[in-house]
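Data file: run_26.pdb. Format and content: PDB, C-alpha atoms, pLDDT in the B column.
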ATOM      1  CA  MET R 105     -72.968 108.586 117.274  1.00 48.00           C
ATOM      2  CA  LYS R 106     -71.305 111.308 118.954  1.00 46.00           C
ATOM      3  CA  LYS R 107     -73.474 112.315 116.100  1.00 48.00           C
ATOM      4  CA  ILE R 108     -76.323 110.917 118.056  1.00 46.00           C
ATOM      5  CA  VAL R 109     -75.741 112.021 121.586  1.00 42.00           C
ATOM      6  CA  LEU R 110     -73.545 114.972 121.082  1.00 47.00           C
ATOM      7  CA  SER R 111     -76.405 116.246 119.083  1.00 47.00           C
ATOM      8  CA  LEU R 112     -78.694 114.905 121.665  1.00 40.00           C
ATOM      9  CA  PHE R 113     -76.654 117.002 124.009  1.00 40.00           C
ATOM     10  CA  VAL R 114     -77.285 120.542 122.842  1.00 40.00           C
ATOM     11  CA  PHE R 115     -80.547 119.569 121.290  1.00 39.00           C
ATOM     12  CA  SER R 116     -82.085 119.984 124.758  1.00 38.00           C
ATOM     13  CA  LEU R 117     -79.645 122.514 126.213  1.00 38.00           C
ATOM     14  CA  VAL R 118     -79.403 125.185 123.504  1.00 40.00           C
ATOM     15  CA  GLY R 119     -80.477 128.531 124.880  1.00 37.00           C
ATOM     16  CA  CYS R 120     -79.737 127.510 128.478  1.00 41.00           C
ATOM     17  CA  ALA R 121     -77.175 129.170 130.657  1.00 47.00           C
ATOM     18  CA  GLU R 122     -75.721 125.709 131.268  1.00 45.00           C
ATOM     19  CA  MET R 123     -74.804 125.471 127.578  1.00 44.00           C
ATOM     20  CA  GLN R 124     -72.627 128.541 127.941  1.00 50.00           C
ATOM     21  CA  GLN R 125     -70.939 126.958 130.959  1.00 52.00           C
ATOM     22  CA  VAL R 126     -69.947 124.013 128.780  1.00 49.00           C
ATOM     23  CA  LEU R 127     -68.586 126.293 126.072  1.00 49.00           C
ATOM     24  CA  ASP R 128     -66.652 128.366 128.608  1.00 52.00           C
ATOM     25  CA  GLN R 129     -64.784 125.244 129.721  1.00 48.00           C
ATOM     26  CA  LEU R 130     -63.795 124.215 126.197  1.00 46.00           C
ATOM     27  CA  PRO R 131     -60.368 125.139 124.796  1.00 42.00           C
ATOM     28  CA  GLN R 132     -60.264 128.224 122.620  1.00 43.00           C
ATOM     29  CA  GLY R 133     -59.030 128.560 119.030  1.00 39.00           C
ATOM     30  CA  THR R 134     -61.790 126.819 117.085  1.00 42.00           C
ATOM     31  CA  GLY R 135     -63.467 129.998 115.933  1.00 53.00           C
ATOM     32  CA  VAL R 136     -66.572 131.713 117.211  1.00 63.00           C
ATOM     33  CA  LEU R 137     -69.686 129.555 117.153  1.00 63.00           C
ATOM     34  CA  SER R 138     -73.064 130.738 118.327  1.00 62.00           C
ATOM     35  CA  GLN R 139     -75.244 128.545 120.482  1.00 61.00           C
ATOM     36  CA  ALA R 140     -77.663 128.271 117.563  1.00 63.00           C
ATOM     37  CA  GLU R 141     -74.903 127.006 115.251  1.00 68.00           C
ATOM     38  CA  ILE R 142     -73.799 124.439 117.789  1.00 63.00           C
ATOM     39  CA  GLY R 143     -77.390 123.334 118.279  1.00 58.00           C
ATOM     40  CA  ASN R 144     -77.965 123.033 114.526  1.00 66.00           C
ATOM     41  CA  GLY R 145     -74.700 121.151 114.057  1.00 66.00           C
ATOM     42  CA  LEU R 146     -75.537 118.658 116.747  1.00 63.00           C
ATOM     43  CA  LYS R 147     -79.074 118.256 115.384  1.00 63.00           C
ATOM     44  CA  GLU R 148     -77.526 117.446 112.023  1.00 69.00           C
ATOM     45  CA  ALA R 149     -75.229 114.936 113.685  1.00 68.00           C
ATOM     46  CA  LEU R 150     -78.180 113.296 115.418  1.00 62.00           C
ATOM     47  CA  ASN R 151     -80.126 112.959 112.176  1.00 66.00           C
ATOM     48  CA  ASN R 152     -77.088 111.600 110.337  1.00 70.00           C
ATOM     49  CA  GLY R 153     -76.322 109.094 113.078  1.00 69.00           C
ATOM     50  CA  ILE R 154     -79.834 107.705 113.165  1.00 72.00           C
ATOM     51  CA  THR R 155     -80.015 107.562 109.374  1.00 72.00           C
ATOM     52  CA  LYS R 156     -76.649 105.879 108.969  1.00 80.00           C
ATOM     53  CA  GLN R 157     -76.839 103.291 111.706  1.00 82.00           C
ATOM     54  CA  VAL R 158     -80.119 102.742 113.554  1.00 85.00           C
ATOM     55  CA  SER R 159     -82.204 103.072 110.392  1.00 86.00           C
ATOM     56  CA  LYS R 160     -79.981 100.557 108.579  1.00 90.00           C
ATOM     57  CA  LEU R 161     -81.049  97.892 111.031  1.00 93.00           C
ATOM     58  CA  THR R 162     -84.737  98.338 110.183  1.00 91.00           C
ATOM     59  CA  ALA R 163     -84.257  97.311 106.555  1.00 92.00           C
ATOM     60  CA  THR R 164     -84.727  93.762 105.327  1.00 92.00           C
ATOM     61  CA  ASP R 165     -81.503  91.912 106.216  1.00 95.00           C
ATOM     62  CA  GLY R 166     -80.426  94.840 108.412  1.00 95.00           C
ATOM     63  CA  PHE R 167     -79.620  92.282 111.093  1.00 96.00           C
ATOM     64  CA  PHE R 168     -79.534  89.068 109.104  1.00 95.00           C
ATOM     65  CA  LYS R 169     -76.800  90.085 106.651  1.00 95.00           C
ATOM     66  CA  ASN R 170     -74.795  92.257 109.032  1.00 96.00           C
ATOM     67  CA  GLU R 171     -72.311  89.942 110.717  1.00 95.00           C
ATOM     68  CA  ALA R 172     -71.625  92.522 113.448  1.00 94.00           C
ATOM     69  CA  VAL R 173     -75.173  92.282 114.792  1.00 95.00           C
ATOM     70  CA  LYS R 174     -76.682  89.143 113.234  1.00 96.00           C
ATOM     71  CA  ILE R 175     -78.698  87.276 115.836  1.00 95.00           C
ATOM     72  CA  LEU R 176     -77.449  83.741 116.265  1.00 93.00           C
ATOM     73  CA  LEU R 177     -79.200  80.980 118.144  1.00 90.00           C
ATOM     74  CA  PRO R 178     -78.927  80.795 121.925  1.00 88.00           C
ATOM     75  CA  GLN R 179     -76.768  77.976 123.233  1.00 86.00           C
ATOM     76  CA  GLU R 180     -79.834  75.965 124.188  1.00 84.00           C
ATOM     77  CA  LEU R 181     -80.975  75.913 120.571  1.00 89.00           C
ATOM     78  CA  GLN R 182     -77.628  75.261 118.926  1.00 90.00           C
ATOM     79  CA  VAL R 183     -78.047  71.569 119.683  1.00 88.00           C
ATOM     80  CA  VAL R 184     -81.524  71.761 118.126  1.00 90.00           C
ATOM     81  CA  ASP R 185     -80.084  73.341 114.988  1.00 90.00           C
ATOM     82  CA  LYS R 186     -77.358  70.701 114.752  1.00 90.00           C
ATOM     83  CA  LYS R 187     -79.775  67.814 115.208  1.00 88.00           C
ATOM     84  CA  LEU R 188     -82.225  69.111 112.605  1.00 88.00           C
ATOM     85  CA  ARG R 189     -79.414  69.422 110.054  1.00 91.00           C
ATOM     86  CA  GLN R 190     -78.281  65.886 110.848  1.00 91.00           C
ATOM     87  CA  ILE R 191     -81.717  64.516 110.000  1.00 90.00           C
ATOM     88  CA  GLY R 192     -82.048  66.458 106.729  1.00 90.00           C
ATOM     89  CA  MET R 193     -83.994  69.494 107.926  1.00 89.00           C
ATOM     90  CA  SER R 194     -81.419  72.187 107.158  1.00 91.00           C
ATOM     91  CA  LYS R 195     -83.966  74.354 105.333  1.00 91.00           C
ATOM     92  CA  LEU R 196     -86.163  74.538 108.419  1.00 88.00           C
ATOM     93  CA  ALA R 197     -83.145  75.328 110.591  1.00 88.00           C
ATOM     94  CA  ASP R 198     -82.101  78.136 108.241  1.00 91.00           C
ATOM     95  CA  GLU R 199     -85.590  79.605 108.295  1.00 90.00           C
ATOM     96  CA  GLY R 200     -85.639  79.548 112.097  1.00 90.00           C
ATOM     97  CA  LEU R 201     -82.544  81.708 112.248  1.00 91.00           C
ATOM     98  CA  LYS R 202     -83.782  84.121 109.596  1.00 93.00           C
ATOM     99  CA  VAL R 203     -87.133  84.834 111.253  1.00 91.00           C
ATOM    100  CA  LEU R 204     -85.452  85.804 114.536  1.00 92.00           C
ATOM    101  CA  ASN R 205     -83.517  88.478 112.660  1.00 94.00           C
ATOM    102  CA  ARG R 206     -86.609  89.600 110.768  1.00 93.00           C
ATOM    103  CA  ALA R 207     -88.421  90.230 114.049  1.00 91.00           C
ATOM    104  CA  ALA R 208     -85.490  92.298 115.342  1.00 92.00           C
ATOM    105  CA  GLU R 209     -85.458  94.381 112.149  1.00 92.00           C
ATOM    106  CA  ASP R 210     -89.124  95.123 112.696  1.00 89.00           C
ATOM    107  CA  ALA R 211     -88.720  96.101 116.351  1.00 88.00           C
ATOM    108  CA  VAL R 212     -85.831  98.534 115.881  1.00 88.00           C
ATOM    109  CA  LYS R 213     -88.204 100.944 114.124  1.00 85.00           C
ATOM    110  CA  GLU R 214     -89.377 101.832 117.625  1.00 84.00           C
ATOM    111  CA  ALA R 215     -85.934 102.976 118.808  1.00 81.00           C
ATOM    112  CA  THR R 216     -85.601 106.505 117.414  1.00 77.00           C
ATOM    113  CA  PRO R 217     -88.243 108.317 119.494  1.00 83.00           C
ATOM    114  CA  ILE R 218     -86.852 106.739 122.639  1.00 84.00           C
ATOM    115  CA  PHE R 219     -83.386 108.117 121.897  1.00 79.00           C
ATOM    116  CA  VAL R 220     -84.794 111.584 121.225  1.00 71.00           C
ATOM    117  CA  ASP R 221     -86.674 111.451 124.524  1.00 78.00           C
ATOM    118  CA  ALA R 222     -83.446 110.535 126.310  1.00 73.00           C
ATOM    119  CA  VAL R 223     -81.959 113.832 125.160  1.00 61.00           C
ATOM    120  CA  LYS R 224     -84.737 115.783 126.806  1.00 64.00           C
ATOM    121  CA  GLN R 225     -83.868 114.189 130.135  1.00 68.00           C
ATOM    122  CA  MET R 226     -80.157 114.961 129.862  1.00 62.00           C
ATOM    123  CA  THR R 227     -78.693 117.101 132.646  1.00 60.00           C
ATOM    124  CA  PHE R 228     -75.844 119.574 132.445  1.00 53.00           C
ATOM    125  CA  ASN R 229     -73.420 117.067 133.993  1.00 62.00           C
ATOM    126  CA  ASP R 230     -74.545 114.375 131.537  1.00 67.00           C
ATOM    127  CA  ALA R 231     -73.899 116.696 128.606  1.00 59.00           C
ATOM    128  CA  LYS R 232     -70.517 117.828 129.870  1.00 61.00           C
ATOM    129  CA  ASN R 233     -69.378 114.260 130.524  1.00 68.00           C
ATOM    130  CA  ILE R 234     -70.457 113.148 127.048  1.00 68.00           C
ATOM    131  CA  LEU R 235     -68.856 116.066 125.276  1.00 63.00           C
ATOM    132  CA  MET R 236     -65.550 115.651 127.060  1.00 66.00           C
ATOM    133  CA  GLY R 237     -65.732 111.872 127.420  1.00 72.00           C
ATOM    134  CA  ASN R 238     -64.190 108.885 125.670  1.00 80.00           C
ATOM    135  CA  GLU R 239     -65.139 107.474 122.280  1.00 82.00           C
ATOM    136  CA  SER R 240     -68.115 105.545 123.661  1.00 82.00           C
ATOM    137  CA  SER R 241     -69.448 107.892 126.338  1.00 79.00           C
ATOM    138  CA  ALA R 242     -72.515 108.832 124.277  1.00 77.00           C
ATOM    139  CA  THR R 243     -73.374 105.186 123.652  1.00 83.00           C
ATOM    140  CA  THR R 244     -72.903 104.400 127.334  1.00 86.00           C
ATOM    141  CA  TYR R 245     -75.206 107.262 128.254  1.00 83.00           C
ATOM    142  CA  LEU R 246     -77.903 105.940 125.921  1.00 81.00           C
ATOM    143  CA  GLN R 247     -77.529 102.410 127.257  1.00 88.00           C
ATOM    144  CA  ASN R 248     -77.926 103.620 130.814  1.00 89.00           C
ATOM    145  CA  THR R 249     -80.911 105.846 130.100  1.00 87.00           C
ATOM    146  CA  THR R 250     -82.872 103.973 127.440  1.00 88.00           C
ATOM    147  CA  SER R 251     -82.419 100.231 128.010  1.00 92.00           C
ATOM    148  CA  THR R 252     -85.503  99.846 130.215  1.00 92.00           C
ATOM    149  CA  ALA R 253     -87.676 101.831 127.800  1.00 89.00           C
ATOM    150  CA  LEU R 254     -86.265 100.004 124.773  1.00 89.00           C
ATOM    151  CA  TYR R 255     -86.973  96.605 126.289  1.00 92.00           C
ATOM    152  CA  ALA R 256     -90.528  97.629 127.162  1.00 92.00           C
ATOM    153  CA  LYS R 257     -91.050  98.883 123.610  1.00 89.00           C
ATOM    154  CA  PHE R 258     -89.188  96.138 121.741  1.00 90.00           C
ATOM    155  CA  ASN R 259     -90.580  93.114 123.591  1.00 91.00           C
ATOM    156  CA  PRO R 260     -94.243  93.393 122.518  1.00 91.00           C
ATOM    157  CA  VAL R 261     -93.195  94.466 119.015  1.00 87.00           C
ATOM    158  CA  ILE R 262     -91.020  91.382 118.662  1.00 89.00           C
ATOM    159  CA  LYS R 263     -93.813  89.214 119.990  1.00 89.00           C
ATOM    160  CA  ASN R 264     -96.139  90.661 117.351  1.00 89.00           C
ATOM    161  CA  SER R 265     -93.405  90.465 114.734  1.00 86.00           C
ATOM    162  CA  PHE R 266     -92.997  86.756 115.404  1.00 88.00           C
ATOM    163  CA  ALA R 267     -96.588  86.350 114.245  1.00 87.00           C
ATOM    164  CA  LYS R 268     -96.198  88.791 111.333  1.00 85.00           C
ATOM    165  CA  VAL R 269     -93.059  87.198 109.890  1.00 83.00           C
ATOM    166  CA  GLY R 270     -94.186  83.693 110.742  1.00 85.00           C
ATOM    167  CA  ALA R 271     -91.517  83.105 113.372  1.00 86.00           C
ATOM    168  CA  ASP R 272     -93.990  81.724 115.878  1.00 87.00           C
ATOM    169  CA  LYS R 273     -95.143  79.016 113.460  1.00 89.00           C
ATOM    170  CA  VAL R 274     -91.603  78.250 112.294  1.00 89.00           C
ATOM    171  CA  TRP R 275     -90.300  77.850 115.827  1.00 91.00           C
ATOM    172  CA  THR R 276     -93.346  75.938 117.039  1.00 89.00           C
ATOM    173  CA  ASN R 277     -92.666  73.526 114.169  1.00 89.00           C
ATOM    174  CA  ILE R 278     -88.939  73.365 114.953  1.00 90.00           C
ATOM    175  CA  ILE R 279     -89.417  72.774 118.679  1.00 90.00           C
ATOM    176  CA  THR R 280     -92.187  70.225 118.108  1.00 90.00           C
ATOM    177  CA  LYS R 281     -90.097  68.227 115.635  1.00 89.00           C
ATOM    178  CA  TYR R 282     -87.009  68.376 117.831  1.00 89.00           C
ATOM    179  CA  ASN R 283     -88.815  67.371 121.008  1.00 90.00           C
ATOM    180  CA  ALA R 284     -90.306  64.386 119.130  1.00 90.00           C
ATOM    181  CA  ILE R 285     -86.829  62.970 118.430  1.00 90.00           C
ATOM    182  CA  PRO R 286     -86.219  59.991 120.746  1.00 90.00           C
ATOM    183  CA  LEU R 287     -83.878  60.498 123.722  1.00 85.00           C
ATOM    184  CA  VAL R 288     -83.311  64.259 123.268  1.00 85.00           C
ATOM    185  CA  THR R 289     -83.688  66.674 126.172  1.00 88.00           C
ATOM    186  CA  LYS R 290     -86.804  68.668 125.436  1.00 88.00           C
ATOM    187  CA  VAL R 291     -86.464  72.457 125.045  1.00 86.00           C
ATOM    188  CA  ASN R 292     -88.868  75.351 125.536  1.00 83.00           C
ATOM    189  CA  PRO R 293     -86.892  78.598 125.096  1.00 83.00           C
ATOM    190  CA  ASP R 294     -88.221  82.118 125.605  1.00 88.00           C
ATOM    191  CA  LEU R 295     -87.321  83.402 122.153  1.00 89.00           C
ATOM    192  CA  THR R 296     -89.152  86.710 122.597  1.00 91.00           C
ATOM    193  CA  ASP R 297     -86.938  87.713 125.520  1.00 92.00           C
ATOM    194  CA  TYR R 298     -83.802  86.441 123.806  1.00 92.00           C
ATOM    195  CA  THR R 299     -84.487  88.275 120.543  1.00 93.00           C
ATOM    196  CA  THR R 300     -85.435  91.476 122.387  1.00 93.00           C
ATOM    197  CA  ASN R 301     -82.102  91.559 124.204  1.00 94.00           C
ATOM    198  CA  LYS R 302     -80.152  90.739 121.058  1.00 93.00           C
ATOM    199  CA  ALA R 303     -81.952  93.462 119.093  1.00 92.00           C
ATOM    200  CA  MET R 304     -81.010  96.015 121.769  1.00 92.00           C
ATOM    201  CA  GLU R 305     -77.436  94.755 121.792  1.00 93.00           C
ATOM    202  CA  GLY R 306     -77.264  95.237 118.022  1.00 92.00           C
ATOM    203  CA  VAL R 307     -78.621  98.790 118.184  1.00 90.00           C
ATOM    204  CA  PHE R 308     -76.048  99.892 120.730  1.00 89.00           C
ATOM    205  CA  LYS R 309     -73.243  98.179 118.857  1.00 90.00           C
ATOM    206  CA  MET R 310     -74.037 100.119 115.694  1.00 89.00           C
ATOM    207  CA  ILE R 311     -74.435 103.383 117.587  1.00 85.00           C
ATOM    208  CA  ALA R 312     -70.987 102.830 119.077  1.00 85.00           C
ATOM    209  CA  VAL R 313     -69.577 102.398 115.572  1.00 87.00           C
ATOM    210  CA  GLU R 314     -70.992 105.750 114.489  1.00 82.00           C
ATOM    211  CA  GLU R 315     -69.910 107.501 117.671  1.00 78.00           C
ATOM    212  CA  LYS R 316     -66.325 106.376 117.217  1.00 84.00           C
ATOM    213  CA  GLU R 317     -66.417 107.421 113.574  1.00 85.00           C
ATOM    214  CA  ILE R 318     -67.566 110.966 114.197  1.00 78.00           C
ATOM    215  CA  ARG R 319     -65.156 111.395 117.117  1.00 78.00           C
ATOM    216  CA  THR R 320     -62.051 110.089 115.364  1.00 84.00           C
ATOM    217  CA  ASN R 321     -62.501 110.468 111.599  1.00 87.00           C
ATOM    218  CA  LEU R 322     -62.518 114.028 110.289  1.00 87.00           C
ATOM    219  CA  THR R 323     -63.877 112.899 106.911  1.00 87.00           C
ATOM    220  CA  ALA R 324     -66.999 111.563 108.631  1.00 84.00           C
ATOM    221  CA  ARG R 325     -67.979 115.155 109.390  1.00 85.00           C
ATOM    222  CA  SER R 326     -69.922 115.665 106.214  1.00 82.00           C
ATOM    223  CA  SER R 327     -70.655 119.391 106.385  1.00 84.00           C
ATOM    224  CA  ASP R 328     -68.794 122.548 107.303  1.00 88.00           C
ATOM    225  CA  LEU R 329     -70.986 122.987 110.359  1.00 81.00           C
ATOM    226  CA  LEU R 330     -70.217 119.494 111.638  1.00 79.00           C
ATOM    227  CA  LYS R 331     -66.513 120.113 111.165  1.00 85.00           C
ATOM    228  CA  ARG R 332     -66.653 123.336 113.163  1.00 82.00           C
ATOM    229  CA  VAL R 333     -68.805 121.928 115.969  1.00 74.00           C
ATOM    230  CA  PHE R 334     -66.806 118.752 116.473  1.00 76.00           C
ATOM    231  CA  ALA R 335     -63.549 120.693 116.371  1.00 78.00           C
ATOM    232  CA  LEU R 336     -64.509 121.728 119.896  1.00 73.00           C
ATOM    233  CA  GLN R 337     -64.125 118.123 120.994  1.00 72.00           C
ATOM    234  CA  ASP R 338     -60.833 117.693 119.158  1.00 75.00           C
ATOM    235  CA  LYS R 339     -59.251 120.416 121.254  1.00 70.00           C
ATOM    236  CA  LYS R 340     -60.371 119.136 124.624  1.00 63.00           C
TER     237      LYS R 340
END
As structure tokens, what does this structure read like?
Amino acid sequence: MKKIVLSLFVFSLVGCAEMQQVLDQLPQGTGVLSQAEIGNGLKEALNNGITKQVSKLTATDGFFKNEAVKILLPQELQVVDKKLRQIGMSKLADEGLKVLNRAAEDAVKEATPIFVDAVKQMTFNDAKNILMGNESSATTYLQNTTSTALYAKFNPVIKNSFAKVGADKVWTNIITKYNAIPLVTKVNPDLTDYTTNKAMEGVFKMIAVEEKEIRTNLTARSSDLLKRVFALQDKK
């Protein structure tokens, strides 16, 4: 995802005098690149990053079968899961976990336009710090600038998704059956808030994977333009 934000970077700055200031401070010897070429290269990186990582999460099992981001039960509900399995309700417990991940997969479809908007708000100092930063500086920038907007967008989507994928009925059934068990401490978790935060956590984790890849692995630069643009970073 230097793919993402590096592209995000010039995406909004190409044609500005500030862009030239960034280029003037970069080491020489990578060949002559026009501002348009750098802009196009970073646009390509942005599109590739979103396609490779964020878009993966929107597919069926994008969360559920990806161990790096799979949403597990909150601690409060782990005892519920264990108890249900003890009394022969493993199928219901499995379904409860799956529908949380399904809702997250649905919500992440809302992420891309928020990331693009974050680029438009990027200042010269933001861009310079990202370009010359560490292997997660782009991800950190996105976390700092989009988390509030992502939560606001994801939360109602996940709430609606719970109804669409049947999570609300599944978890109402689970909680009702668990709370009816004698002597247990009754639970009433806010699963919408929990799943929203976990969905955001998963998005940023996958973006960080792609950012590290494009920064450190030359073979991840899949076109000649990407190779030339990101060579600027290599020489910093």
query: Near Leu295 of chain R, within 9 Å and counting only C-alpha atoms, which residues show up once chain neighbours fewer than 5 positions away are dropped, as an MDAnalysis selection string?
result: chainID R and resid 178 204 263 275 300
Selection: 8 Å around segment 189-199 of chain R, all atoms listed in the file, excl. self and same-chain fewer than 3 positions, as a PyMOL selection string: chain R and resi 185-186+202-203+274+278
task: Name the residues captured by the PyMOL selection byres ((chain R and resi 173) around 8) when it is applied to the shown file; answer as an MDAnalysis selection string.
output: chainID R and resid 167:168 170:172 174:175 305:306 309:310
message: So, with only C-alpha atoms as the atoms that count, which of R:Ala335, R:Asn292, R:Ser326, R:Thr250 lies closest to Thr280 of chain R?
response: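 Nearest candidate to Thr280 of chain R out of R:Ala335, R:Asn292, R:Ser326, R:Thr250: R:Asn292.
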message: Residue by residue, what does the PyMOL selection byres ((chain R and resi 254-257) around 8) grab here? Present the result as JSON, numbers by chain.
response: {"R": [214, 215, 218, 250, 251, 252, 253, 258, 259, 260, 261, 300, 301, 304]}
field: atom CA of Leu188 of chain R to atom CA of Gly200 of chain R, straight-line distance in Å
entry: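 These atoms are spaced 11.0 Å apart.
Atom CA of Glu314 of chain R is found 26.5 Å from atom CA of Asp297 of chain R.
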field: Pick from R:Gln157, R:Asn152, R:Thr299, R:Thr289 nearest to Ala312 of chain R, counting all atoms listed in the file
entry: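 Residue with the minimum atom-to-atom distance to Ala312 of chain R: R:Gln157.
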task: Go ahead and compute the interatomic distance for atom CA of Thr296 of chain R and atom CA of Ile262 of chain R, in Å to one decimal.
output: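 Computing it gives 6.4 Å between the two atoms.
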task: Would you please work out which residue, of R:Tyr282, R:Ala324, R:Thr155, R:Val307, is nearest to Gln182 of chain R when using all atoms listed in the file?
output: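 Closest to Gln182 of chain R of all the choices is R:Tyr282.
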